[in-house]
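**Student:** One file is attached below, target-v6.cif, containing mmCIF, C-alpha atoms and all ligand atoms.
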```cif
data_start
#
loop_
_atom_site.label_atom_id
_atom_site.label_comp_id
_atom_site.auth_asym_id
_atom_site.auth_seq_id
_atom_site.Cartn_x
_atom_site.Cartn_y
_atom_site.Cartn_z
CA MET A 21 75.96 85.21 15.25
CA LEU A 22 72.72 83.62 14.12
CA ASP A 23 70.79 80.72 15.67
CA LEU A 24 68.02 79.78 13.26
CA SER A 25 66.93 76.85 15.41
CA ARG A 26 65.22 79.26 17.82
CA GLN A 27 62.85 80.52 15.14
CA TYR A 28 62.35 77.01 13.81
CA SER A 29 61.36 75.55 17.17
CA ALA A 30 58.70 78.26 17.56
CA ILE A 31 57.07 77.64 14.15
CA ARG A 32 58.02 74.01 13.54
CA ASP A 33 54.49 72.55 13.47
CA GLU A 34 53.18 75.27 11.16
CA VAL A 35 56.10 74.95 8.73
CA LEU A 36 55.96 71.17 8.61
CA ALA A 37 52.19 71.28 7.97
CA ALA A 38 52.73 73.74 5.12
CA ILE A 39 55.41 71.51 3.58
CA ALA A 40 53.14 68.48 3.96
CA ALA A 41 50.36 70.35 2.15
CA VAL A 42 52.70 70.92 -0.83
CA CYS A 43 53.63 67.24 -0.84
CA ASP A 44 49.93 66.37 -0.85
CA GLU A 45 49.29 68.82 -3.68
CA GLN A 46 52.17 67.29 -5.74
CA SER A 47 52.90 70.53 -7.61
CA PHE A 48 56.52 71.38 -6.94
CA ILE A 49 57.71 74.05 -9.37
CA LEU A 50 55.86 77.38 -9.55
CA GLY A 51 52.24 76.21 -9.23
CA PRO A 52 49.53 77.33 -6.80
CA GLU A 53 51.64 77.66 -3.63
CA VAL A 54 54.10 79.96 -5.43
CA ALA A 55 51.18 82.05 -6.71
CA ARG A 56 49.81 82.28 -3.15
CA PHE A 57 53.20 83.38 -1.82
CA GLU A 58 53.52 85.98 -4.57
CA ALA A 59 50.10 87.39 -3.62
CA ASP A 60 51.01 87.49 0.08
CA ALA A 61 54.38 89.12 -0.62
CA ALA A 62 52.84 91.72 -2.96
CA ALA A 63 50.29 92.61 -0.26
CA ALA A 64 52.96 92.81 2.46
CA LEU A 65 55.11 95.09 0.30
CA SER A 66 52.21 97.14 -1.16
CA VAL A 67 53.38 96.48 -4.71
CA PRO A 68 51.12 95.30 -7.53
CA HIS A 69 53.51 92.65 -8.90
CA ALA A 70 55.75 90.12 -7.13
CA VAL A 71 57.52 87.31 -8.99
CA GLY A 72 59.05 84.42 -7.07
CA CYS A 73 62.40 83.15 -8.28
CA SER A 74 65.32 80.92 -7.39
CA SER A 75 67.62 83.31 -5.48
CA GLY A 76 68.43 86.92 -4.77
CA THR A 77 71.12 86.76 -7.42
CA ASP A 78 68.60 85.62 -10.02
CA ALA A 79 66.17 88.25 -8.77
CA LEU A 80 68.76 90.94 -9.56
CA TRP A 81 69.41 89.43 -12.96
CA LEU A 82 65.66 89.23 -13.71
CA ALA A 83 65.10 92.85 -12.68
CA LEU A 84 67.96 94.12 -14.82
CA ALA A 85 67.28 91.86 -17.82
CA ALA A 86 63.53 92.58 -17.81
CA ALA A 87 64.33 96.30 -17.75
CA GLY A 88 66.30 95.79 -20.97
CA ILE A 89 69.82 96.24 -19.61
CA GLY A 90 72.33 94.47 -21.82
CA PRO A 91 75.62 94.70 -23.72
CA GLY A 92 76.80 98.27 -24.26
CA ASP A 93 74.99 99.53 -21.16
CA ALA A 94 76.53 100.51 -17.85
CA VAL A 95 74.93 100.47 -14.39
CA ILE A 96 76.10 102.55 -11.42
CA THR A 97 76.16 100.66 -8.15
CA THR A 98 77.86 100.50 -4.77
CA PRO A 99 81.23 98.87 -4.17
CA PHE A 100 80.16 97.93 -0.62
CA SER A 101 77.73 95.06 -1.06
CA PHE A 102 77.55 91.34 -1.55
CA PHE A 103 79.25 90.29 -4.80
CA ALA A 104 75.96 89.33 -6.50
CA THR A 105 75.07 93.01 -6.93
CA ALA A 106 77.91 93.44 -9.42
CA ALA A 107 77.76 89.89 -10.80
CA ALA A 108 74.14 90.34 -11.89
CA ILE A 109 75.08 93.43 -13.93
CA LEU A 110 77.86 91.48 -15.66
CA ARG A 111 75.54 88.50 -16.15
CA CYS A 112 73.29 90.82 -18.25
CA GLY A 113 76.27 91.71 -20.41
CA ALA A 114 76.44 95.23 -18.95
CA GLN A 115 79.27 96.99 -17.13
CA PRO A 116 79.18 97.86 -13.42
CA VAL A 117 80.45 101.33 -12.51
CA PHE A 118 81.13 101.93 -8.84
CA ALA A 119 80.43 105.17 -6.99
CA ASP A 120 81.63 105.53 -3.41
CA ILE A 121 79.42 105.13 -0.36
CA ASP A 122 78.21 107.50 2.30
CA SER A 123 80.41 106.85 5.31
CA HIS A 124 77.53 107.14 7.82
CA THR A 125 74.91 104.87 6.24
CA TYR A 126 77.34 102.76 4.14
CA ASN A 127 74.86 103.11 1.25
CA LEU A 128 75.62 104.34 -2.27
CA ASP A 129 76.24 108.11 -2.16
CA PRO A 130 73.92 109.98 -4.56
CA GLN A 131 76.38 112.87 -4.89
CA LYS A 132 79.19 110.53 -5.95
CA THR A 133 76.71 108.89 -8.31
CA GLU A 134 75.91 112.22 -9.92
CA ASP A 135 79.62 113.04 -10.25
CA ILE A 136 79.88 109.96 -12.49
CA LEU A 137 76.70 110.81 -14.42
CA ARG A 138 78.15 114.26 -15.19
CA SER A 139 81.57 113.09 -16.28
CA THR A 140 81.25 109.64 -17.86
CA ARG A 141 81.17 108.79 -21.55
CA LEU A 142 79.62 105.38 -20.79
CA ARG A 143 75.96 104.71 -21.59
CA ILE A 144 74.58 104.63 -18.04
CA LYS A 145 71.14 103.07 -18.22
CA ALA A 146 70.35 102.39 -14.56
CA ILE A 147 71.36 102.98 -10.97
CA LEU A 148 71.33 99.96 -8.65
CA PRO A 149 71.44 101.14 -5.02
CA VAL A 150 71.55 98.51 -2.27
CA HIS A 151 69.49 98.95 0.92
CA LEU A 152 72.44 97.75 2.96
CA TYR A 153 71.93 96.21 6.41
CA GLY A 154 68.17 96.91 6.18
CA GLN A 155 68.23 100.69 5.68
CA CYS A 156 66.98 102.14 2.40
CA ALA A 157 69.41 104.10 0.29
CA ASP A 158 68.67 107.86 0.05
CA TRP A 159 65.68 107.52 -2.27
CA ASP A 160 64.80 111.22 -2.32
CA ALA A 161 68.15 111.87 -3.96
CA PHE A 162 68.05 108.86 -6.30
CA ALA A 163 64.50 109.71 -7.44
CA ALA A 164 65.77 113.23 -8.21
CA LEU A 165 68.62 111.78 -10.27
CA GLN A 166 66.12 109.59 -12.11
CA ARG A 167 64.03 112.65 -13.05
CA LYS A 168 67.09 114.67 -14.05
CA TYR A 169 68.92 112.03 -16.10
CA GLY A 170 66.07 109.74 -17.22
CA LEU A 171 67.50 106.51 -15.83
CA LEU A 172 66.06 103.30 -14.49
CA LEU A 173 66.24 102.75 -10.74
CA ILE A 174 66.56 99.16 -9.58
CA GLU A 175 66.65 98.29 -5.86
CA ASP A 176 68.83 95.59 -4.36
CA ALA A 177 66.48 94.96 -1.44
CA ALA A 178 68.00 91.59 -0.50
CA GLN A 179 68.56 92.81 3.08
CA ALA A 180 65.49 95.00 3.40
CA PHE A 181 62.15 93.13 3.38
CA GLY A 182 59.89 95.39 5.45
CA ALA A 183 62.16 98.46 5.43
CA ARG A 184 60.66 101.79 4.42
CA TRP A 185 61.69 105.19 3.09
CA ASN A 186 59.29 108.06 3.83
CA GLY A 187 56.72 105.38 4.66
CA HIS A 188 57.08 103.56 1.30
CA THR A 189 58.31 99.98 1.35
CA ALA A 190 61.61 98.83 -0.08
CA GLY A 191 60.48 97.03 -3.20
CA SER A 192 57.99 99.74 -4.15
CA LEU A 193 60.49 102.59 -4.59
CA GLY A 194 62.21 101.82 -7.89
CA ASP A 195 61.21 100.49 -11.30
CA ALA A 196 62.00 97.00 -10.04
CA ALA A 197 63.47 95.47 -6.89
CA ALA A 198 65.22 92.24 -5.94
CA PHE A 199 64.84 90.31 -2.68
CA SER A 200 66.76 87.30 -1.37
CA PHE A 201 65.45 84.63 0.99
CA TYR A 202 68.83 83.03 1.61
CA PRO A 203 68.72 81.44 5.09
CA THR A 204 70.56 84.33 6.80
CA LYS A 205 68.14 87.02 5.53
CA ASN A 206 65.42 88.47 7.74
CA LEU A 207 62.80 86.63 5.66
CA SER A 208 64.41 83.31 4.86
CA ALA A 209 63.60 80.06 3.12
CA PHE A 210 64.85 76.53 3.80
CA GLY A 211 67.20 76.81 0.83
CA ASP A 212 67.71 79.28 -2.01
CA ALA A 213 64.84 81.56 -3.00
CA GLY A 214 64.23 85.12 -4.18
CA LEU A 215 61.61 87.61 -5.37
CA VAL A 216 61.39 90.47 -7.86
CA THR A 217 58.82 93.24 -7.51
CA THR A 218 57.65 96.00 -9.82
CA ARG A 219 54.85 98.51 -10.33
CA ILE A 220 55.08 98.09 -14.10
CA ALA A 221 52.88 95.40 -15.69
CA ALA A 222 55.15 94.97 -18.72
CA LEU A 223 58.15 94.30 -16.47
CA ASP A 224 56.14 91.78 -14.46
CA ASP A 225 55.26 89.91 -17.66
CA ARG A 226 58.86 89.89 -18.85
CA MET A 227 60.22 88.73 -15.48
CA ARG A 228 57.75 85.84 -15.45
CA THR A 229 58.81 84.91 -18.97
CA LEU A 230 62.55 85.20 -18.33
CA ARG A 231 62.45 83.12 -15.13
CA ASN A 232 60.89 80.24 -17.08
CA GLN A 233 63.12 79.79 -20.16
CA GLY A 234 61.54 82.70 -22.04
CA MET A 235 58.22 80.84 -22.38
CA ARG A 236 54.76 82.38 -22.29
CA ARG A 237 53.31 79.23 -23.90
CA ARG A 238 54.85 75.86 -23.07
CA TYR A 239 57.73 75.06 -25.48
CA PHE A 240 57.33 78.33 -27.39
CA HIS A 241 60.43 80.33 -26.41
CA ASP A 242 59.81 84.01 -27.14
CA GLU A 243 63.28 84.95 -25.92
CA VAL A 244 66.25 83.30 -24.25
CA GLY A 245 65.50 83.22 -20.54
CA TRP A 246 66.81 80.95 -17.85
CA ASN A 247 65.64 78.50 -15.22
CA ALA A 248 65.20 80.95 -12.36
CA ARG A 249 62.02 79.47 -10.90
CA LEU A 250 60.87 79.25 -7.27
CA ASP A 251 59.80 75.88 -5.94
CA SER A 252 56.60 75.31 -3.99
CA ILE A 253 58.20 73.97 -0.81
CA GLN A 254 60.23 77.18 -0.41
CA ALA A 255 57.09 79.22 -1.12
CA ALA A 256 55.21 77.31 1.60
CA VAL A 257 57.97 77.97 4.16
CA LEU A 258 58.09 81.64 3.17
CA ARG A 259 54.32 82.04 3.49
CA VAL A 260 54.48 80.85 7.08
CA LYS A 261 57.48 83.00 7.97
CA LEU A 262 55.98 86.08 6.30
CA ARG A 263 53.26 86.07 8.98
CA TYR A 264 55.95 86.61 11.64
CA LEU A 265 58.06 89.11 9.76
CA ASP A 266 56.63 92.39 11.12
CA ALA A 267 57.09 91.14 14.68
CA GLY A 268 60.62 89.97 13.81
CA ASN A 269 61.56 93.32 12.29
CA GLN A 270 60.15 95.13 15.34
CA ALA A 271 62.21 92.85 17.59
CA ARG A 272 65.31 93.74 15.54
CA ARG A 273 64.61 97.45 16.04
CA ASN A 274 64.26 96.93 19.80
CA LEU A 275 67.52 94.98 19.89
CA ALA A 276 69.25 97.74 17.95
CA ALA A 277 68.00 100.30 20.46
CA ASN A 278 69.38 98.10 23.28
CA TYR A 279 72.78 97.92 21.59
CA ASP A 280 72.74 101.70 21.09
CA ARG A 281 72.18 102.11 24.82
CA LEU A 282 74.68 99.42 25.88
CA LEU A 283 77.47 100.52 23.53
CA GLY A 284 76.87 104.25 23.51
CA LYS A 285 79.45 105.05 26.14
CA ILE A 286 82.35 103.11 24.62
CA GLU A 287 84.75 105.64 23.22
CA GLY A 288 85.85 105.28 19.61
CA LEU A 289 82.94 103.10 18.43
CA ALA A 290 80.66 104.47 15.74
CA LEU A 291 77.14 103.07 16.11
CA PRO A 292 74.73 102.69 13.17
CA PHE A 293 73.32 105.94 11.80
CA THR A 294 69.68 105.92 10.70
CA ALA A 295 68.51 108.61 8.28
CA PRO A 296 65.33 110.41 9.45
CA GLN A 297 63.39 109.25 6.36
CA ALA A 298 64.34 105.61 6.93
CA GLU A 299 62.54 102.89 8.82
CA HIS A 300 65.53 100.62 9.40
CA ILE A 301 64.83 96.91 9.95
CA PHE A 302 68.35 96.11 11.21
CA HIS A 303 68.99 93.10 9.07
CA GLN A 304 72.45 93.73 10.47
CA TYR A 305 73.69 95.90 13.32
CA VAL A 306 77.06 97.16 12.13
CA ILE A 307 79.51 99.18 14.17
CA ARG A 308 82.70 100.90 13.10
CA ALA A 309 85.35 99.76 15.56
CA PRO A 310 89.01 100.67 16.15
CA ARG A 311 91.33 97.62 15.87
CA ARG A 312 88.41 95.73 14.32
CA ASP A 313 90.21 92.44 13.65
CA ASP A 314 91.61 92.24 17.19
CA LEU A 315 88.17 93.00 18.61
CA ARG A 316 86.69 90.25 16.46
CA ALA A 317 89.26 87.73 17.72
CA HIS A 318 88.59 88.80 21.31
CA LEU A 319 84.85 88.23 20.87
CA SER A 320 85.40 84.96 19.07
CA ALA A 321 87.51 83.68 22.00
CA GLN A 322 84.41 84.24 24.16
CA GLN A 323 82.16 82.31 21.74
CA ILE A 324 80.61 85.52 20.42
CA GLY A 325 80.10 85.32 16.67
CA THR A 326 80.53 88.41 14.50
CA GLU A 327 80.87 88.92 10.76
CA VAL A 328 82.49 91.37 8.38
CA TYR A 329 80.07 92.48 5.65
CA TYR A 330 82.23 92.91 3.53
CA PRO A 331 86.02 92.60 3.88
CA VAL A 332 86.91 93.34 0.24
CA PRO A 333 85.02 96.07 -1.63
CA LEU A 334 83.74 94.95 -5.01
CA HIS A 335 86.03 97.21 -7.05
CA LEU A 336 89.05 95.42 -5.54
CA GLN A 337 87.81 91.84 -6.05
CA THR A 338 90.24 89.71 -8.05
CA SER A 339 87.56 88.63 -10.53
CA LEU A 340 86.73 92.27 -11.36
CA ALA A 341 90.34 93.42 -11.90
CA SER A 342 89.63 93.95 -15.60
CA LEU A 343 87.34 96.87 -14.66
CA GLY A 344 90.56 98.73 -13.87
CA TYR A 345 90.00 100.03 -10.33
CA GLN A 346 92.92 100.62 -7.95
CA PRO A 347 93.19 100.80 -4.15
CA GLY A 348 92.35 104.37 -3.12
CA ASP A 349 89.74 104.88 -5.85
CA LEU A 350 86.78 104.55 -3.47
CA PRO A 351 88.14 105.46 -0.04
CA ASN A 352 84.91 105.37 1.99
CA ALA A 353 84.15 101.82 0.88
CA GLU A 354 87.76 100.75 1.49
CA ARG A 355 87.73 102.23 4.98
CA ALA A 356 84.37 100.59 5.80
CA ALA A 357 85.73 97.22 4.67
CA LYS A 358 88.59 97.59 7.17
CA GLU A 359 86.67 99.06 10.11
CA THR A 360 83.13 97.67 10.28
CA LEU A 361 81.87 94.70 12.26
CA ALA A 362 78.40 93.14 12.36
CA LEU A 363 77.22 92.03 15.81
CA PRO A 364 74.68 89.28 16.48
CA ILE A 365 71.13 90.50 15.81
CA TYR A 366 68.09 88.31 15.15
CA PRO A 367 64.61 88.39 16.68
CA GLU A 368 65.22 85.59 19.20
CA LEU A 369 68.48 87.06 20.59
CA THR A 370 68.01 87.83 24.29
CA GLU A 371 68.82 91.02 26.14
CA ALA A 372 71.11 88.99 28.45
CA GLU A 373 73.09 87.87 25.40
CA GLN A 374 73.34 91.46 24.21
CA GLN A 375 74.70 92.44 27.60
CA GLN A 376 77.37 89.75 27.26
CA VAL A 377 78.33 91.10 23.84
CA ALA A 378 78.48 94.67 25.14
CA HIS A 379 80.48 93.62 28.19
CA ALA A 380 83.00 91.75 26.04
CA ILE A 381 83.41 94.79 23.79
CA SER A 382 83.90 97.17 26.70
CA THR A 383 86.51 94.91 28.36
CA PHE A 384 88.42 94.80 25.05
CA TYR A 385 88.73 98.59 24.96
CA ALA A 386 89.31 98.92 28.73
C1 LIG A 401 72.15 88.02 -0.13
C2 LIG A 401 72.35 89.13 -1.08
C3 LIG A 401 72.25 88.95 -2.47
C4 LIG A 401 72.17 87.61 -3.13
O1 LIG A 401 71.14 86.79 -2.72
P1 LIG A 401 71.23 85.19 -2.91
O2 LIG A 401 69.86 84.76 -2.54
O3 LIG A 401 72.29 84.69 -2.00
O4 LIG A 401 71.53 84.92 -4.33
C5 LIG A 401 72.36 90.07 -3.28
N1 LIG A 401 72.57 91.28 -2.77
C6 LIG A 401 72.69 91.49 -1.44
C7 LIG A 401 72.90 92.88 -0.94
C8 LIG A 401 72.60 90.42 -0.56
O5 LIG A 401 72.73 90.64 0.75
#
```
Would you put the structure from the file into C-alpha cells?
**Tutor:**
Amino acid sequence: MLDLSRQYSAIRDEVLAAIAAVCDEQSFILGPEVARFEADAAAALSVPHAVGCSSGTDALWLALAAAGIGPGDAVITTPFSFFATAAAILRCGAQPVFADIDSHTYNLDPQKTEDILRSTRLRIKAILPVHLYGQCADWDAFAALQRKYGLLLIEDAAQAFGARWNGHTAGSLGDAAAFSFYPTKNLSAFGDAGLVTTRIAALDDRMRTLRNQGMRRRYFHDEVGWNARLDSIQAAVLRVKLRYLDAGNQARRNLAANYDRLLGKIEGLALPFTAPQAEHIFHQYVIRAPRRDDLRAHLSAQQIGTEVYYPVPLHLQTSLASLGYQPGDLPNAERAAKETLALPIYPELTEAEQQQVAHAISTFYA
C-alpha cells in the first residue's frame, strides 16, 4: 500500500544532513529551523501565515480555537473523514453537526450543508469541509454559503498539501486551514507534525500563542493554550521533503491517469471523479467497488495492500453515540463506507506494479 523506504533511499543523505544540522544547532523545540520551515511552507502554499504544530489533530484544534469556536457553538462537517475532524470540534467544547457527502467526490455536500443552515436551531459558527483524498471540497459553493450566512470556513487540508481549487491552493481558501504531516500523508515527517495556515494576522498571532501554552512572553500566560509545538528535527525533515513535493504530486496525478486507463473497462467499478475546478493531488486513489470486502481479500492474498478510508462514518462511531445519529441518517456516507477501496498510490509506485494491481482486480471480476 505504501513503501516509504523508496522515498527515503532517494533523499537519505539530504535528510540526514538536515537532521545533523539541527543537532549541531542544539535548538530542538520551535526555534530557527521551525521558522525556516514555516517560511518555506507559506511560500509553497501562497499564504501569508503558516504555523508549525505537533500534529494534524492539533492543527485542527488550533484553527478552530484561534477562530473563537467554543462551548455553545456548533460546526458543520463531513461524516466521511478521519476521526480527528470531529474530535477537534469536540476538543474546543463545540458540537459537530454532520451533513452528508457528495457521492461522486466523497466531499461534504454544500447543498446538504445549507439544508442544515436553513433548518437548525443550533448556533452554527463555522463549516469545516475536508479536502478528502487530495481533492478540494466545492469551494465556490462554500464561499457562497459563507457570504450568505456569515460563517467561518475552516479547511481540513490534512490530505491536500499542493491541491488547488480554481488555481488557489488548499490552505489559502478558508479563514484557516489545518495540515497533517503524519508519515502516510503526501508531505510527511519522521513522526507527528502539523501546520495551520491563515490569511488573517490576528489568527496567526493567536495560533502561535495557543500552541505554546498561551504565552506571548515567557511564563506570562495570556490564555489557556496547550503544548502543540513542532520540533526542529521534524521541521528539518519537512523542509527537505517539501522540495520534492511538486514532483511527487505530479507523479501521483500520472499514476491516477494510469489507473483510470487500466481500470476503465472493468464493469461495475466507479473510478475517482475530479471536479473541473479541482487540481487533485491524489493523496489517495479511491474506487467504488462491488463486493468490496471480497475484492480486498483477493488482493491481499496476492500481497497487494489496500485500505478502507473509512469503514465507519463518524456519525456512527461508538464514542459519538451521544450526538444521537442513527444508521440511515447520512446514506451517501454510509454507502461510501461500505463500497470504497483505496488502491496503492505513492510517487515511487511503478507502472508495472499498477498493472499487477489492475490485473488482479480484473481477474476478481472475471
Ligand atoms: C491525518 C488526518 C488528520 C489528523 O492528522 P494527524 O497528524 O494524524 O493528527 C485529520 N484529518 C484528516 C482528514 C486526516 O487525513
**Student:** Determine, for each residue of chain A having at least one atom at most 6 Å from an atom of ligand LIG 401 (chain A), the closest pair of atoms and their separation in Å to one decimal, counting only C-alpha atoms and all ligand atoms; order by chain and ascending number, as JSON lines.
**Tutor:**
```
{"residue": "A:Ser75", "atom": "CA", "partner": "A:LIG401", "partner_atom": "O2", "distance": 4.0}
{"residue": "A:Gly76", "atom": "CA", "partner": "A:LIG401", "partner_atom": "O1", "distance": 3.4}
{"residue": "A:Thr77", "atom": "CA", "partner": "A:LIG401", "partner_atom": "O4", "distance": 3.6}
{"residue": "A:Ser101", "atom": "CA", "partner": "A:LIG401", "partner_atom": "C7", "distance": 5.3}
{"residue": "A:Phe102", "atom": "CA", "partner": "A:LIG401", "partner_atom": "C6", "distance": 4.9}
{"residue": "A:Ala104", "atom": "CA", "partner": "A:LIG401", "partner_atom": "C5", "distance": 4.9}
{"residue": "A:Thr105", "atom": "CA", "partner": "A:LIG401", "partner_atom": "N1", "distance": 5.2}
{"residue": "A:Val150", "atom": "CA", "partner": "A:LIG401", "partner_atom": "C7", "distance": 5.9}
{"residue": "A:Asp176", "atom": "CA", "partner": "A:LIG401", "partner_atom": "N1", "distance": 5.9}
{"residue": "A:Ala178", "atom": "CA", "partner": "A:LIG401", "partner_atom": "C8", "distance": 4.7}
{"residue": "A:Gln179", "atom": "CA", "partner": "A:LIG401", "partner_atom": "O5", "distance": 5.2}
{"residue": "A:Ser200", "atom": "CA", "partner": "A:LIG401", "partner_atom": "O2", "distance": 4.2}
{"residue": "A:Phe201", "atom": "CA", "partner": "A:LIG401", "partner_atom": "O2", "distance": 5.7}
{"residue": "A:Tyr202", "atom": "CA", "partner": "A:LIG401", "partner_atom": "O2", "distance": 4.6}
{"residue": "A:Asp212", "atom": "CA", "partner": "A:LIG401", "partner_atom": "O2", "distance": 5.9}
{"residue": "A:Ala213", "atom": "CA", "partner": "A:LIG401", "partner_atom": "O2", "distance": 6.0}
{"residue": "A:Gly214", "atom": "CA", "partner": "A:LIG401", "partner_atom": "O2", "distance": 5.9}
```
**Student:** From the set A:Gln131, A:Asn274, A:Thr140, A:Gln115, which residue has the shortest atom-to-atom contact distance to Pro91 of chain A, counting all atoms listed in the file?
**Tutor:**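 Smallest distance to Pro91 of chain A is found for A:Gln115.
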**Student:** Name the residues, using the chain letters and numbers of the file, that sit within 6 Å of (81.0, 98.8, -1.2) when counting all atoms listed in the file, and give them as a PyMOL selection string.
**Tutor:** chain A and resi 98-101+333+353
**Student:** Figure out the distance between atom CA of Tyr329 of chain A and atom CA of Val306 of chain A, please, to one decimal in Å.
**Tutor:**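 Atom CA of Val306 of chain A sits 8.5 Å away from atom CA of Tyr329 of chain A.
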**Student:** From the set A:Met227, A:Tyr153, A:Trp246, A:Gln376, which residue has the shortest atom-to-atom contact distance to Tyr330 of chain A, counting only C-alpha atoms?
**Tutor:** A:Tyr153
**Student:** Do you know which residues lie at most 10 Å from (90.3, 98.7, 13.8), with coordinates as in the file and all atoms listed in the file counted, and could you write them as a list in words?
**Tutor:**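 With a cut-off of 10 Å, the residues come to Gly288, Leu289, Arg308, Ala309, Pro310, Arg311, Arg312, Asp313, Asp314, Leu315, Arg316, Arg355, Lys358, Glu359, Thr360 and Leu361 of chain A.
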**Student:** Within 9 Å of Gln304 of chain A, counting all atoms listed in the file, which residues show up once you throw out same-chain ones fewer than 2 positions away? Write them as a PyMOL selection string, please.
**Tutor:** chain A and resi 152-154+179+272+301-302+306+362-366
**Student:** For Ser123 of chain A, find every residue with an atom within 10 Å (counting only C-alpha atoms), except residues of its own chain fewer than 4 positions away, and show them as a PyMOL selection string.
**Tutor:** chain A and resi 127-129+293+351-353+355-356
**Student:** Given all atoms listed in the file as the basis, pick out the residue of A:Ala222, A:Met235, A:Ala255, A:Leu291 nearest to Ala87 of chain A.
**Tutor:**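 When distances to Ala87 of chain A are compared using all atoms listed in the file, the smallest one comes from A:Ala222.
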**Student:** Have a look at atom CA of Ala79 of chain A and atom CA of Trp185 of chain A and let me know their distance in Å, one decimal.
**Tutor:** 21.2 Å
**Student:** Considering only C-alpha atoms, can you say which of A:Gln155, A:Ala37, A:Leu173, A:Thr125 comes closest to Ile89 of chain A?
**Tutor:**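 Nearest to Ile89 of chain A: A:Leu173.
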**Student:** Would you fill out segment 26-31 of chain A with all heavy atoms and return it as a compact mmCIF listing (two decimals), in the frame of the given file?
**Tutor:**
```txt
# COMPACT_ATOMS: atom_id res chain seq x y z
N ARG A 26 66.18 78.65 16.89
CA ARG A 26 65.22 79.26 17.82
C ARG A 26 63.92 79.61 17.09
O ARG A 26 62.83 79.36 17.59
CB ARG A 26 65.82 80.51 18.45
CG ARG A 26 67.02 80.21 19.33
CD ARG A 26 67.54 81.46 20.00
NE ARG A 26 68.85 81.22 20.59
CZ ARG A 26 69.53 82.11 21.27
NH1 ARG A 26 69.05 83.33 21.46
NH2 ARG A 26 70.72 81.82 21.77
N GLN A 27 64.05 80.21 15.92
CA GLN A 27 62.85 80.52 15.14
C GLN A 27 62.14 79.23 14.74
O GLN A 27 60.92 79.10 14.85
CB GLN A 27 63.20 81.33 13.88
CG GLN A 27 61.96 81.76 13.11
CD GLN A 27 62.26 82.26 11.69
OE1 GLN A 27 63.08 81.69 10.98
NE2 GLN A 27 61.59 83.32 11.30
N TYR A 28 62.94 78.26 14.30
CA TYR A 28 62.35 77.01 13.81
C TYR A 28 61.55 76.33 14.91
O TYR A 28 60.42 75.86 14.68
CB TYR A 28 63.44 76.08 13.28
CG TYR A 28 62.90 74.77 12.79
CD1 TYR A 28 61.93 74.73 11.78
CD2 TYR A 28 63.32 73.56 13.35
CE1 TYR A 28 61.41 73.53 11.34
CE2 TYR A 28 62.81 72.35 12.91
CZ TYR A 28 61.85 72.34 11.90
OH TYR A 28 61.33 71.15 11.47
N SER A 29 62.09 76.27 16.12
CA SER A 29 61.36 75.55 17.17
C SER A 29 60.03 76.24 17.49
O SER A 29 59.07 75.57 17.86
CB SER A 29 62.23 75.36 18.41
OG SER A 29 62.51 76.62 18.98
N ALA A 30 59.95 77.54 17.28
CA ALA A 30 58.70 78.26 17.56
C ALA A 30 57.64 78.01 16.48
O ALA A 30 56.44 78.08 16.77
CB ALA A 30 58.97 79.75 17.71
N ILE A 31 58.05 77.75 15.24
CA ILE A 31 57.07 77.64 14.15
C ILE A 31 57.09 76.26 13.49
O ILE A 31 56.50 76.06 12.43
CB ILE A 31 57.32 78.74 13.08
CG1 ILE A 31 58.71 78.61 12.46
CG2 ILE A 31 57.12 80.13 13.67
CD1 ILE A 31 58.94 79.53 11.27
```
